[in-house]
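Shown below: query-v8.csv, with CSV, C-alpha atoms.
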chain,number,residue,atom,x,y,z
A,282,MET,CA,123.4,153.6,52.6
A,283,SER,CA,125.3,156.4,50.8
A,284,SER,CA,123.7,159.8,50.1
A,285,ASP,CA,123.5,159.0,46.4
A,286,GLU,CA,121.7,155.7,47.1
A,287,ASN,CA,119.4,157.6,49.5
A,288,ASN,CA,118.6,160.2,46.9
A,289,ALA,CA,118.0,157.5,44.3
A,290,ALA,CA,115.6,155.7,46.6
A,291,GLY,CA,113.8,159.0,47.3
A,292,GLN,CA,113.4,159.7,43.6
A,293,GLU,CA,112.0,156.2,43.1
A,294,GLU,CA,109.4,156.9,45.8
A,295,SER,CA,108.6,160.3,44.3
A,296,LYS,CA,108.1,158.7,40.9
A,297,ALA,CA,105.8,156.1,42.4
A,298,ALA,CA,103.7,158.9,44.0
A,299,GLU,CA,103.5,160.8,40.7
A,300,ARG,CA,102.3,157.7,38.9
A,301,LEU,CA,99.6,157.2,41.5
A,302,ALA,CA,98.5,160.9,41.2
A,303,ALA,CA,98.3,160.4,37.5
A,304,GLY,CA,96.1,157.4,37.9
A,305,LYS,CA,98.8,155.0,36.7
A,306,LYS,CA,99.9,151.9,38.5
A,307,PRO,CA,103.5,152.1,39.6
A,308,GLN,CA,106.0,149.6,38.3
A,309,ALA,CA,106.3,146.6,40.5
A,310,ARG,CA,109.6,146.2,42.3
A,311,GLU,CA,111.8,143.3,41.3
A,312,PRO,CA,111.9,140.7,44.1
A,313,GLN,CA,115.2,139.6,45.4
A,314,THR,CA,114.0,136.1,45.9
A,315,GLU,CA,111.1,134.0,44.7
A,316,THR,CA,107.8,135.8,44.6
A,317,ALA,CA,104.7,134.5,46.4
A,318,ALA,CA,103.3,133.6,43.0
A,319,GLU,CA,106.2,131.3,42.4
A,320,LEU,CA,105.9,129.9,45.9
A,321,GLN,CA,102.2,129.4,45.4
A,322,ALA,CA,102.8,127.4,42.3
A,323,ARG,CA,104.3,124.9,44.6
A,324,SER,CA,102.1,125.6,47.6
A,325,ALA,CA,98.5,126.4,46.6
A,326,ARG,CA,97.4,126.7,50.3
A,327,LEU,CA,98.8,130.2,50.7
A,328,ARG,CA,96.2,132.8,51.3
A,329,PRO,CA,96.9,136.4,50.0
A,330,ASN,CA,97.9,138.8,52.8
A,331,VAL,CA,96.3,142.0,51.6
A,332,THR,CA,97.5,144.1,54.5
A,333,LEU,CA,101.2,143.4,54.1
A,334,ASN,CA,101.2,143.4,50.3
A,335,ARG,CA,100.3,147.1,49.9
A,336,ALA,CA,103.9,148.3,49.5
A,337,ALA,CA,104.6,145.6,46.9
A,338,ARG,CA,101.5,146.4,44.9
A,339,ILE,CA,102.3,150.1,44.6
A,340,GLY,CA,106.0,149.7,44.2
A,341,ALA,CA,106.9,151.5,47.4
A,342,PRO,CA,109.7,150.7,49.9
A,343,THR,CA,108.8,148.5,52.9
A,344,GLU,CA,108.6,150.0,56.3
A,345,ASP,CA,111.8,148.2,57.4
A,346,GLU,CA,113.6,149.6,54.3
A,347,GLN,CA,112.5,153.1,55.1
A,348,LEU,CA,113.5,152.8,58.7
A,349,LEU,CA,117.1,151.7,57.8
A,350,ARG,CA,117.7,154.5,55.4
A,351,ARG,CA,120.0,157.3,56.3
A,352,PRO,CA,117.9,160.4,57.4
A,353,PRO,CA,117.6,163.0,54.7
A,354,THR,CA,119.4,166.3,55.0
A,355,ARG,CA,116.2,168.4,55.0
A,356,PRO,CA,113.5,167.7,57.6
A,357,PRO,CA,110.8,165.3,56.1
A,358,ASP,CA,107.1,165.5,56.5
A,359,PHE,CA,106.4,164.5,60.2
A,360,THR,CA,104.3,161.4,59.2
A,361,ARG,CA,107.3,160.1,57.3
A,362,SER,CA,109.9,160.8,60.0
A,363,ASP,CA,111.6,158.4,62.3
A,364,THR,CA,109.8,160.1,65.2
A,365,TRP,CA,106.5,159.2,63.8
A,366,ARG,CA,107.8,155.7,62.9
A,367,VAL,CA,108.6,155.1,66.6
A,368,LEU,CA,104.8,155.2,67.3
A,369,ARG,CA,104.1,152.6,64.6
A,370,ILE,CA,106.8,150.4,66.1
A,371,MET,CA,105.3,150.8,69.5
A,372,GLY,CA,101.9,149.9,68.0
A,373,GLU,CA,103.3,146.7,66.6
A,374,PHE,CA,104.7,145.7,70.0
A,375,VAL,CA,101.4,146.4,71.7
A,376,ASN,CA,99.4,144.4,69.1
A,377,GLY,CA,101.8,141.5,69.4
A,378,PHE,CA,101.8,141.5,73.2
A,379,ASP,CA,98.0,141.7,73.3
A,380,THR,CA,97.5,138.9,70.8
A,381,LEU,CA,100.0,136.4,72.3
A,382,ALA,CA,99.7,137.3,76.1
A,383,SER,CA,97.5,134.3,76.8
A,384,LEU,CA,99.1,131.9,74.4
A,385,GLY,CA,100.7,129.7,77.0
A,386,ALA,CA,103.7,127.4,76.4
A,387,ALA,CA,104.8,127.5,72.8
A,388,VAL,CA,107.6,126.4,70.5
A,389,THR,CA,108.8,128.3,67.4
A,390,ILE,CA,109.8,126.3,64.3
A,391,PHE,CA,111.9,127.8,61.6
A,392,GLY,CA,113.1,126.6,58.2
A,393,SER,CA,113.1,127.2,54.5
A,394,ALA,CA,110.0,128.6,52.7
A,395,ARG,CA,111.1,126.8,49.5
A,396,VAL,CA,110.6,123.2,50.8
A,397,THR,CA,107.8,121.3,49.0
A,398,GLU,CA,105.2,119.0,50.6
A,399,GLU,CA,107.1,116.0,49.1
A,400,ASP,CA,110.3,116.9,50.9
A,401,PRO,CA,111.1,114.6,53.9
A,402,GLN,CA,111.9,117.7,55.9
A,403,TYR,CA,108.3,119.0,55.4
A,404,GLN,CA,107.0,115.7,56.7
A,405,LYS,CA,109.3,115.7,59.6
A,406,ALA,CA,108.3,119.3,60.6
A,407,ALA,CA,104.6,118.4,60.5
A,408,GLN,CA,105.3,115.3,62.6
A,409,LEU,CA,107.3,117.3,65.2
A,410,ALA,CA,104.6,120.0,65.4
A,411,ARG,CA,102.0,117.4,65.8
A,412,GLN,CA,103.8,115.7,68.7
A,413,LEU,CA,104.5,119.1,70.4
A,414,ALA,CA,100.9,120.1,70.0
A,415,GLU,CA,99.7,116.8,71.6
A,416,ALA,CA,102.1,117.5,74.5
A,417,GLY,CA,100.4,120.9,75.1
A,418,PHE,CA,102.5,123.4,73.2
A,419,ALA,CA,101.3,126.0,70.8
A,420,ILE,CA,103.3,126.2,67.5
A,421,ILE,CA,104.6,129.5,66.2
A,422,THR,CA,106.0,130.1,62.7
A,423,GLY,CA,106.6,132.9,60.2
A,424,GLY,CA,103.2,131.9,58.7
A,425,GLY,CA,104.5,131.3,55.2
A,426,PRO,CA,105.0,128.2,53.0
A,427,GLY,CA,107.5,125.4,53.2
A,428,ILE,CA,108.6,124.3,56.7
A,429,MET,CA,106.4,127.0,58.2
A,430,GLU,CA,103.3,125.6,56.5
A,431,ALA,CA,104.3,122.1,57.6
A,432,ALA,CA,104.6,123.1,61.3
A,433,ASN,CA,101.3,125.0,61.3
A,434,ARG,CA,99.7,122.1,59.6
A,435,GLY,CA,101.0,119.6,62.1
A,436,ALA,CA,99.7,121.8,65.0
A,437,LYS,CA,96.3,122.3,63.5
A,438,GLU,CA,95.8,118.6,62.6
A,439,ALA,CA,96.6,117.7,66.3
A,440,GLY,CA,94.1,120.2,67.6
A,441,GLY,CA,96.7,122.6,68.9
A,442,VAL,CA,97.1,126.3,68.6
A,443,SER,CA,98.8,127.4,65.3
A,444,VAL,CA,100.3,130.9,65.2
A,445,GLY,CA,101.7,132.7,62.1
A,446,CYS,CA,103.8,135.9,62.4
A,447,ASN,CA,104.0,137.3,58.9
A,448,ILE,CA,106.4,140.0,57.8
A,449,GLU,CA,106.1,142.7,55.1
A,450,LEU,CA,108.5,142.0,52.2
A,451,PRO,CA,109.2,143.9,49.0
A,452,PHE,CA,107.1,141.4,47.0
A,453,GLU,CA,103.6,140.0,47.5
A,454,GLN,CA,103.2,137.1,49.9
A,455,GLY,CA,100.6,135.1,51.7
A,456,THR,CA,99.7,133.3,54.9
A,457,ASN,CA,99.4,129.5,54.8
A,458,ALA,CA,95.9,128.0,55.4
A,459,TYR,CA,96.8,126.3,58.7
A,460,VAL,CA,97.3,129.4,60.7
A,461,ASP,CA,94.7,130.0,63.5
A,462,ILE,CA,96.2,133.2,64.9
A,463,ALA,CA,97.8,135.5,62.3
A,464,ILE,CA,99.8,138.6,63.2
A,465,ASN,CA,101.3,141.0,60.6
A,466,PHE,CA,104.6,142.8,61.2
A,467,ARG,CA,106.4,145.4,59.2
A,468,TYR,CA,109.6,145.4,61.3
A,469,PHE,CA,111.8,142.4,61.6
A,470,PHE,CA,113.0,143.2,65.1
A,471,VAL,CA,109.5,143.4,66.5
A,472,ARG,CA,108.6,140.1,65.0
A,473,LYS,CA,111.8,138.5,66.3
A,474,THR,CA,111.0,139.7,69.8
A,475,MET,CA,107.6,137.9,69.7
A,476,PHE,CA,109.3,134.7,68.6
A,477,MET,CA,111.7,134.8,71.5
A,478,LYS,CA,109.4,136.1,74.2
A,479,TYR,CA,106.6,133.6,73.7
A,480,SER,CA,108.7,130.5,73.0
A,481,GLU,CA,110.1,127.8,75.3
A,482,ALA,CA,112.4,126.6,72.5
A,483,PHE,CA,113.5,127.1,68.9
A,484,VAL,CA,113.5,124.2,66.5
A,485,ILE,CA,115.4,125.0,63.4
A,486,PHE,CA,115.2,123.0,60.2
A,487,PRO,CA,117.4,123.5,57.2
A,488,GLY,CA,117.0,127.0,55.7
A,489,GLY,CA,118.7,130.1,54.4
A,490,PHE,CA,119.7,133.5,55.7
A,491,GLY,CA,116.5,134.2,57.6
A,492,THR,CA,116.8,130.8,59.4
A,493,MET,CA,120.5,131.5,60.2
A,494,ASP,CA,119.5,134.9,61.6
A,495,GLU,CA,117.0,133.4,64.0
A,496,LEU,CA,119.6,130.7,65.1
A,497,PHE,CA,122.4,133.2,65.9
A,498,GLU,CA,119.9,135.6,67.5
A,499,ALA,CA,118.9,132.8,70.0
A,500,LEU,CA,122.5,131.8,70.6
A,501,THR,CA,123.5,135.4,71.3
A,502,LEU,CA,120.7,135.9,73.9
A,503,ILE,CA,121.6,132.6,75.6
A,504,GLN,CA,125.3,133.4,75.7
A,505,THR,CA,124.6,136.8,77.3
A,506,GLY,CA,122.1,135.4,79.8
A,507,LYS,CA,119.1,137.3,78.4
A,508,VAL,CA,117.2,134.0,78.2
A,509,ARG,CA,117.6,130.8,80.3
A,510,ASN,CA,116.5,127.2,79.9
A,511,PHE,CA,116.0,127.8,76.2
A,512,PRO,CA,117.0,124.9,74.0
A,513,VAL,CA,117.9,125.5,70.3
A,514,ILE,CA,117.5,122.3,68.3
A,515,LEU,CA,118.8,121.8,64.8
A,516,ILE,CA,117.1,119.2,62.7
A,517,GLY,CA,119.3,117.5,60.1
A,518,THR,CA,122.7,116.4,61.1
A,519,ASP,CA,124.1,116.4,57.5
A,520,TYR,CA,122.9,119.9,56.8
A,521,TRP,CA,124.3,121.5,59.9
A,522,LYS,CA,127.6,119.5,60.1
A,523,GLY,CA,129.6,122.1,58.1
A,524,LEU,CA,128.4,125.0,60.3
A,525,LEU,CA,129.1,123.1,63.5
A,526,ASP,CA,132.6,122.1,62.3
A,527,TRP,CA,133.3,125.8,61.6
A,528,ILE,CA,132.0,126.8,65.0
A,529,LYS,CA,134.2,124.2,66.8
A,530,GLY,CA,137.2,124.5,64.5
A,531,ARG,CA,137.3,128.3,64.3
A,532,MET,CA,135.3,130.1,66.9
A,533,LEU,CA,135.9,127.7,69.7
A,534,ALA,CA,139.5,126.8,68.8
A,535,GLU,CA,140.4,130.5,68.7
A,536,GLY,CA,138.7,131.3,72.0
A,537,LYS,CA,135.9,133.4,70.5
A,538,ILE,CA,133.3,131.4,72.3
A,539,SER,CA,133.4,128.9,75.2
A,540,PRO,CA,131.9,125.4,75.2
A,541,GLU,CA,129.3,126.5,77.8
A,542,ASP,CA,127.9,129.0,75.2
A,543,ILE,CA,126.4,126.1,73.3
A,544,ASN,CA,125.2,124.1,76.3
A,545,LEU,CA,121.6,124.1,75.0
A,546,LEU,CA,122.4,123.6,71.3
A,547,PHE,CA,121.3,120.2,70.1
A,548,VAL,CA,121.6,118.5,66.7
A,549,THR,CA,119.4,115.5,65.8
A,550,ASP,CA,117.5,113.8,63.1
A,551,SER,CA,114.9,112.4,65.6
A,552,VAL,CA,111.6,114.0,66.2
A,553,ASP,CA,111.2,112.1,69.4
A,554,GLU,CA,114.5,113.3,70.7
A,555,ALA,CA,113.7,116.9,69.9
A,556,CYS,CA,110.4,116.7,71.8
A,557,GLU,CA,112.2,115.1,74.8
A,558,ARG,CA,114.8,117.8,74.9
A,559,ILE,CA,112.1,120.6,74.9
A,560,LEU,CA,110.1,118.9,77.6
A,561,GLN,CA,113.2,118.4,79.8
A,562,CYS,CA,114.1,122.1,79.7
A,563,TYR,CA,110.4,123.2,80.0
A,564,GLN,CA,110.2,121.2,83.3
A,565,ASP,CA,113.4,122.7,84.6
A,566,ARG,CA,115.5,119.7,83.7
A,567,CYS,CA,117.9,121.4,81.3
A,568,TRP,CA,120.8,119.9,83.2
A,569,GLN,CA,119.7,116.5,82.0
A,570,ALA,CA,119.3,117.6,78.4
A,571,GLU,CA,122.7,119.2,78.4
A,572,ALA,CA,124.3,115.7,78.5
A,573,SER,CA,123.4,115.4,74.8
A,574,SER,CA,124.3,119.0,73.8
A,575,GLU,CA,127.0,120.0,71.4
A,576,ALA,CA,128.9,121.4,74.4
A,577,ALA,CA,128.9,118.0,76.1
A,578,LYS,CA,130.3,116.4,72.9
A,579,ILE,CA,133.1,119.0,72.8
A,580,HIS,CA,134.0,118.4,76.4
A,581,ALA,CA,134.0,114.6,75.7
A,582,GLU,CA,136.4,115.2,72.8
A,583,LEU,CA,138.6,117.4,74.8
A,584,LEU,CA,138.7,115.2,77.9
A,585,ASP,CA,138.4,111.9,76.0
A,586,GLU,CA,135.7,110.9,78.3
A,587,PRO,CA,131.9,111.6,78.5
A,588,GLY,CA,130.7,113.9,81.1
A,589,GLU,CA,127.8,116.0,82.1
A,590,LEU,CA,128.2,119.8,81.9
A,591,ARG,CA,127.0,122.1,84.7
A,592,PRO,CA,127.1,125.7,83.5
A,593,PRO,CA,128.1,128.5,85.9
A,594,ASN,CA,125.0,130.6,85.0
A,595,GLY,CA,122.6,128.3,86.8
A,596,ASN,CA,120.5,127.1,83.8
A,597,GLY,CA,118.3,124.2,84.7
A,598,ARG,CA,119.3,124.1,88.4
A,599,VAL,CA,117.1,121.5,90.2
A,600,ALA,CA,117.1,119.5,93.4
A,601,ALA,CA,119.7,116.7,93.4
A,602,ALA,CA,117.0,114.2,94.2
A,603,ARG,CA,115.5,114.6,90.7
A,604,GLU,CA,118.8,113.7,89.1
A,605,ASN,CA,118.9,110.0,89.5
A,606,GLY,CA,117.9,108.1,86.4
A,607,GLU,CA,114.6,109.9,85.7
A,608,ARG,CA,113.7,110.0,82.1
A,609,MET,CA,111.2,112.4,80.4
A,610,SER,CA,108.4,111.1,78.2
A,611,ILE,CA,106.9,113.1,75.4
A,612,ARG,CA,103.5,112.0,76.6
A,613,ASN,CA,103.9,114.2,79.7
A,614,PRO,CA,102.0,117.3,78.7
A,615,ALA,CA,103.3,120.8,79.0
A,616,ASP,CA,101.3,123.0,81.4
A,617,PRO,CA,100.2,126.0,79.2
A,618,ARG,CA,99.7,128.0,82.4
A,619,LYS,CA,103.4,128.2,83.1
A,620,ALA,CA,104.5,131.8,82.9
A,621,ASP,CA,108.3,132.0,82.3
A,622,ALA,CA,109.7,135.5,82.1
A,623,GLN,CA,111.7,135.0,78.9

Can I see the file as structure tokens?
Amino acid sequence: MSSDENNAAGQEESKAAERLAAGKKPQAREPQTETAAELQARSARLRPNVTLNRAARIGAPTEDEQLLRRPPTRPPDFTRSDTWRVLRIMGEFVNGFDTLASLGAAVTIFGSARVTEEDPQYQKAAQLARQLAEAGFAIITGGGPGIMEAANRGAKEAGGVSVGCNIELPFEQGTNAYVDIAINFRYFFVRKTMFMKYSEAFVIFPGGFGTMDELFEALTLIQTGKVRNFPVILIGTDYWKGLLDWIKGRMLAEGKISPEDINLLFVTDSVDEACERILQCYQDRCWQAEASSEAAKIHAELLDEPGELRPPNGNGRVAAARENGERMSIRNPADPRKADAQ
């Protein structure tokens, strides 16, 4: 942000404070996307999130927005400085860790907040979450409407644990009614840490920029060895085809990535297949799941013959005796006591 933009933002904040001091309600900020009211018109199950909506109600910048601004030239009040903000960030980490420490095995499901209940993707997300919950997994989402609501709904209807990690945005929002454990975040990077740390897999339905952000965050951490045995499953072959063609035709063809970097990236339209891939990796059988990954398809195209990939980083390494023809069933429940250091 330039100094002019920073000064303009500071003036806006000062005006908001002046209006408050005069007993006047500050002007509401224009949302960049649909407001919660517009979303609620299509999804009446949203519950207002009073805590996270404070900034939107008074027309003030969100905490994330203030953090990412260029520091002012003159020292600010300590309680508005980055030094003080570090303590708030630390508090969010502590709260998240405390709340989710005993969660057990979980899967995070991402997707568009603009999907309605009549959309086939909504129904598929609810079905997937239901099957994963029956298999013993908790379900984590962003806690909002659309695909997030569908996933929380499927988990709750199956008697599983339904978690919603909501985020402060510059317009009012709510938490869907199917969330059992709700956590509020003001910083995106803290929230993303919780998604990754407490998940055994990501399932990604069609969505927008936020969904893409989570997808490439996971692929980066897998590529750099920060997480292991972590499948990323894309639901909707038609929707993801263009992106995958670009990854293969540009990134891979120009040597920007290697086939092994997407060993655990899967694309499917089948809820049953998605559940099976997650269980295979959860029970240290990622080597078996990799035979259906995008990397395996690339190798098959390059070699003109099918073949199972064995990555050099040791993901899913198991005894050879378990390799012979054994197939996973989604009825085999996940052990929530398993403690993977993700």

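The residue set within 7 Å of Gly392 of chain A, counting only C-alpha atoms and dropping same-chain residues fewer than 2 places from it, reads Ile390, Ala394, Ile428, Met429, Ile485, Phe486, Pro487, Gly488 and Thr492 of chain A.
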
What is the distance, in Å and to one decimal place, between atom CA of Asn433 of chain A and atom CA of Leu524 of chain A?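 If I compute the distance from atom CA of Asn433 of chain A to atom CA of Leu524 of chain A, I get 27.1 Å.
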
For segment 481-541 of chain A against segment 557-566 of chain A, with a cut-off of 9 Å and counting all atoms listed in the file, what is the closest atom pair and its distance in Å to one decimal for every residue that makes the cut, ordered by chain and number, as JSON lines?
{"residue": "A:Glu481", "atom": "CA", "partner": "A:Tyr563", "partner_atom": "CA", "distance": 6.6}
{"residue": "A:Ala482", "atom": "CA", "partner": "A:Ile559", "partner_atom": "CA", "distance": 6.5}
{"residue": "A:Phe483", "atom": "CA", "partner": "A:Ile559", "partner_atom": "CA", "distance": 9.0}
{"residue": "A:Asn510", "atom": "CA", "partner": "A:Cys562", "partner_atom": "CA", "distance": 5.6}
{"residue": "A:Phe511", "atom": "CA", "partner": "A:Cys562", "partner_atom": "CA", "distance": 7.0}
{"residue": "A:Pro512", "atom": "CA", "partner": "A:Ile559", "partner_atom": "CA", "distance": 6.6}
{"residue": "A:Val513", "atom": "CA", "partner": "A:Ile559", "partner_atom": "CA", "distance": 8.9}
{"residue": "A:Ile514", "atom": "CA", "partner": "A:Arg558", "partner_atom": "CA", "distance": 8.4}

I want to know what sits within 9 Å of Leu545 of chain A, based on all atoms listed in the file, with residues of the same chain fewer than 2 positions away left out; could you give that as a PyMOL selection string? chain A and resi 500+503+510-514+541-543+547+567+570-571+573-576

Gap from atom CA of Gly506 of chain A to atom CA of Ile420 of chain A - Å, one decimal: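 Atom CA of Gly506 of chain A sits 24.3 Å away from atom CA of Ile420 of chain A.
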
Looking at A:Gly445, A:Pro451, A:Pro342, A:Gly491, which one is nearest to Met475 of chain A, with distances taken over all atoms listed in the file? A:Gly445

List the neighbours of Gly435 of chain A out to 8 Å using only C-alpha atoms; skip same-chain residues closer than 2 positions along the sequence, and give me the result as a list in words. Ala406, Ala407, Gln408, Leu409, Ala410, Arg411, Ala414, Ala431, Ala432, Asn433, Lys437, Glu438 and Ala439 of chain A

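Reported to one decimal place, the separation of atom CA of Arg531 of chain A from atom CA of Asp519 of chain A is 19.0 Å.
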
Which residue is closest to Ile462 of chain A? Choose from A:Tyr479, A:Leu381, A:Gln504, A:Ala499 and count all atoms listed in the file.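 Comparing A:Tyr479, A:Leu381, A:Gln504, A:Ala499 against Ile462 of chain A, the winner is A:Leu381.
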
Which protein, DNA or RNA residues have an atom at most 12 Å from (104.0, 148.2, 64.9), counting only C-alpha atoms? List them as a VMD selection string. chain A and resid 344 to 345 365 to 378 448 to 449 464 to 472 475

Report as a VMD selection string all protein, DNA and RNA residues lying within 10 Å of Ala463 of chain A, evaluated on only C-alpha atoms, omitting residues in the same chain fewer than 5 positions from it. chain A and resid 380 421 to 424 443 to 447 456 to 457

Between A:Gly455, A:Gly523, A:Pro540, A:Gly385, which is the closest to Gly427 of chain A once you count only C-alpha atoms?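 Checking each candidate against Gly427 of chain A, we get A:Gly455 as the closest.
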
Among the residues A:Asn544, A:Ile516, A:Asp363, A:Lys473, the one that comes closest to Gln402 of chain A [using all atoms listed in the file]: A:Ile516

Select, from A:Glu346, A:Glu498, A:Glu430, A:Asp461, the residue with the minimum atom-to-atom distance to Leu327 of chain A, counting only C-alpha atoms. A:Glu430
